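J.: Below you will find the structure I want to go over with you.
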Amino acid sequence: MNLKQLEAFVCVAEVKSFSQAAKKLYLTQPTVSAHIHSLEKELGARLFIRTTKDVELSPSGELLYDNARKMLQLEKNILRDFTRTDTPGVQKITVGASTVPGQYILPQILSLFSRTYPGNQLELMEADSLEVVRMVLDGKVEIGFTGTRLEDPTCVFEPFYYDRLVVITPNVETYREYEKTGFPMERFYEEKWIVREDGSGTRKETEQYLKEHGVDLKRMNVVATISNQETIKKSVSTAMGIAIISSAAVEDYVAQGQLLRFPLAEGDIYRKLYMVWSKSNKPGKAARLFIQFVRELYAYL
C-alpha cells in the first residue's frame with residue numbers, strides 16, 4: 001500500500017468516477033484503475049460497487065475512506081511543517097470564515113498581518129459556521145473563524161472576539177421610540193422576521209438567547225430565511241421585516257440613516273467569535289504564527 005494508491009482511492013470515492021478522478025489527478029484512467037486494483041488485492045476487499053451511472057463505496061470502502069483521508073492529510077502536514085522558512089517563495093495560509101468574522105472582522109486582521117509578515121500569502125474561504133468546521137476537519141483550511149462553538153471534540157475552539165447582536169428595523173417613526181428603551185420582546189410575535197440560514201452562528205446564538213428568555217420561536221412570523229447579510233440589510237431597509245444580526249455588520253446602513261439599530265430591552269446579546277483548528281490536522285508554522293498574531297491583537301479577551 002502506498003500514498004498514490006490511497007490518493008487515487010479517495011479521489012474516486014469523492015468524484016464517483018474513475019475517468020473524472022484520472023483527470024483531477026492528471027493520470028490516465030488505466031493507471032487509476034491499476035492503483036485501485038492493487039489496493040483491493042492487498043486488502044483482500046472490494047472497495048467500490050460499480051453501477052451503470054457511477055461508482056459507490058462498498059462497506060469495506062467506507063471503512064477505509066476516513067483513514068485514507070487522514071493519512072493523506074498527515075502527508076500534507078509533514079511536507080508543510082518541513083518546508084524551510086528561508087526557502088524563496090511565499091508561505092500560504094488557508095483560512096475559512098463564517099459571514100461576520102469573514103466580512104467585518106478579518107479584513108482588518110489580514111491587512112495588519114500582511115504588513116507585519118509580508119512573506120505570507122493568505123487565502124480566505126467563506127461559508128456558514130457549520131461548513132467552516134467541516135472544512136477544518138476535511139483539511140481544506142488550516143484555521144476557521146466561526147460565530148459559534150460546535151460540540152465537536154476533534155476541534156479546538158478558542159474565543160478571540162466579542163460580537164454584539166442587535167435588532168435592526170427600517171428607519172421609520174414606528175420604531176424610533178425604542179432608541180431609549182431597547183426593543184421589547186413582547187413585540188416579537190407582532191413583527192415579521194428575516195432570519196439567517198440553518199448552520200449560521202448568528203442564528204444559533206440568537207435562538208438560544210431567545211429560548212432562555214421565554215420566547216416561543218414557533219410563534220414568530222418568519223417571512224424569509226436569507227444567508228447573505230447585505231441582502232438582509234437591504235430587505236429590512238425596504239420594510240420586508242426586521243432582523244437580529246451583528247452590530248458590526250450594520251454600521252454603514254445605520255450611519256447612512258437607512259436602518260435603526262437597537263439592543264433588546266431585556267439586555268444586550270453578546271456572543272463569542274472563535275478561532276477553530278483540528279486537533280489531528282494541526283496548523284502549519286505560518287498558520288500558527290497567524291493564530292498567535294490574532295491572540296496578541298485581541299489580548300484584552
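Chains: A, B, ... in order of the C-alpha cells. Residues: from 1 per chain. Ligands: from 1, in order shown.
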Please identify every residue of segment 172-209 of chain A that has at least one atom no farther than 12 Å from an atom of segment 88-105 of chain A, counting only C-alpha atoms, and for each give the shortest atom pair and the distance in Å to one decimal, arranged by chain then increasing number, as CSV.

T.:
residue,atom,partner,partner_atom,distance
A:Arg196,CA,A:Thr99,CA,10.5
A:Glu197,CA,A:Thr99,CA,11.3
A:Gly199,CA,A:Ser98,CA,9.8
A:Ser200,CA,A:Ser98,CA,7.8
A:Gly201,CA,A:Ser98,CA,7.9
A:Thr202,CA,A:Val100,CA,8.4
A:Arg203,CA,A:Thr99,CA,11.7

J.: Just to be explicit: take each residue in the selection above, keep C-alpha atoms, and write the result as a PDB file, in the first residue's frame.

T.:
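After the write, part_8.pdb holds the following:
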ATOM      1  CA  ARG A 196     -30.265  33.652   8.902  1.00  0.00           C
ATOM      2  CA  GLU A 197     -29.958  30.150   7.451  1.00  0.00           C
ATOM      3  CA  GLY A 199     -25.814  26.485  10.213  1.00  0.00           C
ATOM      4  CA  SER A 200     -25.366  30.207  10.871  1.00  0.00           C
ATOM      5  CA  GLY A 201     -23.671  31.092  14.157  1.00  0.00           C
ATOM      6  CA  THR A 202     -25.782  34.244  14.400  1.00  0.00           C
ATOM      7  CA  ARG A 203     -28.985  32.199  14.156  1.00  0.00           C
TER       8      ARG A 203
END

J.: If you take only C-alpha atoms and a cut-off of 10 Å, which residues of segment 83-177 of chain A touch segment 293-297 of chain A, and what are their nearest atom pairs and distances in Å to one decimal, in chain and number order, as CSV?

T.:
residue,atom,partner,partner_atom,distance
A:Leu106,CA,A:Val294,CA,9.7
A:Ile109,CA,A:Val294,CA,7.3
A:Leu110,CA,A:Val294,CA,9.5
A:Leu112,CA,A:Phe293,CA,9.4
A:Phe113,CA,A:Phe293,CA,7.3
A:Thr116,CA,A:Phe293,CA,9.5
A:Tyr117,CA,A:Phe293,CA,10.0
A:Glu158,CA,A:Arg295,CA,9.4
A:Pro159,CA,A:Arg295,CA,9.1
A:Phe160,CA,A:Arg295,CA,6.6
A:Tyr161,CA,A:Arg295,CA,9.6

J.: Would you list the contacts of Val236 of chain A as a ChimeraX atom specification, taking every protein, DNA or RNA residue within 9 Å and counting only C-alpha atoms, but skipping same-chain residues closer than 4 positions in sequence?

T.: /A:168-170,194,231-232,240-243,259

J.: Using the chain letters and numbers from this document, which residues of segment 16-256 of chain A does DSSP assign to strand (DSSP E or B), as a ChimeraX atom specification?

T.: /A:48-50,55-57,91-97,120-126,143-146,155-170,183,192-195,221-225,242-246

J.: Of the residues A:Thr146, A:Ser246, A:Gln29, A:Gln256, which is the one nearest to Tyr270 of chain A, using only C-alpha atoms?

T.: A:Ser246

J.: Please provide the set of residues having any atom within 9 Å of Val32 of chain A, restricted to only C-alpha atoms, with same-chain residues fewer than 3 positions apart removed, written as a list of chain:residue names.

T.: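 Within the cut-off, the hits are A:Gln5, A:Ala8, A:Phe9, A:Val12, A:Phe18, A:Ser19, A:Ala21, A:Ala22, A:Leu25, A:Leu27, A:Thr28, A:Gln29, A:His35, A:Ile36, A:His37.
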
J.: Running DSSP on the backbone, which parts of segment 176-218 of chain A land in alpha helix (DSSP H), as a list in words?

T.: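 Written out, the alpha helix (DSSP H) residues of segment 176-218 of chain A are Arg176, Tyr178, Glu179, Lys180, Thr181, Gly201, Thr202, Arg203, Lys204, Glu205, Thr206, Glu207, Gln208, Tyr209, Leu210, Lys211 and Glu212 of chain A.
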
J.: Considering only C-alpha atoms, state which residue in the set A:Glu205, A:Asp216, A:Glu230, A:Glu123 is at the smallest distance from Ala287 of chain A.

T.: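 The answer is A:Glu123, which sits nearest to Ala287 of chain A.
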
J.: Please indicate the distance in Å from atom CA of Ala265 of chain A to atom CA of Met185 of chain A, rounded to one decimal place.

T.: 7.2 Å

J.: Counting only C-alpha atoms, figure out which residue out of A:Lys16, A:Leu39, A:Ile291, A:Thr31 gets nearest to Asp54 of chain A.

T.: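 Of A:Lys16, A:Leu39, A:Ile291, A:Thr31, the one nearest Asp54 of chain A is A:Lys16, counting only C-alpha atoms.
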
J.: So which residues touch Leu57 of chain A within 8 Å, counting only C-alpha atoms, skipping near sequence neighbours fewer than 3 positions away, as a short mmCIF file (atom, residue, chain, number, x, y, z; two decimals) with N, CA, C and O atoms, in the first residue's frame?

T.:
data_model
loop_
_atom_site.label_atom_id
_atom_site.label_comp_id
_atom_site.auth_asym_id
_atom_site.auth_seq_id
_atom_site.Cartn_x
_atom_site.Cartn_y
_atom_site.Cartn_z
N ALA A 13 -13.56 7.96 -4.77
CA ALA A 13 -14.67 7.96 -3.82
C ALA A 13 -15.40 9.30 -3.81
O ALA A 13 -16.62 9.34 -3.68
N LEU A 47 -13.54 -2.51 -2.80
CA LEU A 47 -13.68 -1.16 -2.25
C LEU A 47 -14.80 -0.36 -2.90
O LEU A 47 -15.31 0.60 -2.31
N PHE A 48 -15.18 -0.72 -4.13
CA PHE A 48 -16.22 0.03 -4.84
C PHE A 48 -17.28 -0.90 -5.41
O PHE A 48 -17.00 -2.06 -5.76
N ILE A 49 -18.49 -0.37 -5.47
CA ILE A 49 -19.58 -1.05 -6.15
C ILE A 49 -19.84 -0.27 -7.43
O ILE A 49 -20.20 0.91 -7.39
N SER A 60 -16.58 -2.05 2.84
CA SER A 60 -15.13 -2.04 3.10
C SER A 60 -14.52 -0.70 2.68
O SER A 60 -13.61 -0.18 3.35
N GLY A 61 -15.00 -0.14 1.57
CA GLY A 61 -14.51 1.15 1.10
C GLY A 61 -14.82 2.26 2.08
O GLY A 61 -13.99 3.14 2.34
N GLU A 62 -16.02 2.21 2.65
CA GLU A 62 -16.40 3.22 3.65
C GLU A 62 -15.52 3.12 4.88
O GLU A 62 -15.16 4.13 5.49
#

J.: Atom CA of Pro118 of chain A to atom CA of Ile143 of chain A: how many Å, to one decimal?

T.: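 One can read the atom CA of Pro118 of chain A to atom CA of Ile143 of chain A distance as 18.9 Å.
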
J.: Separation of atom CA of Trp277 of chain A and atom CA of Tyr209 of chain A, in Å?

T.: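 Going from atom CA of Trp277 of chain A over to atom CA of Tyr209 of chain A covers 26.1 Å.
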
J.: Looking at only C-alpha atoms, which of A:Ser38, A:Ser247, A:Ser280, A:Gln208 is the one that sits closest to Pro263 of chain A?

T.: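 For Pro263 of chain A, the nearest of the given residues is A:Ser247.
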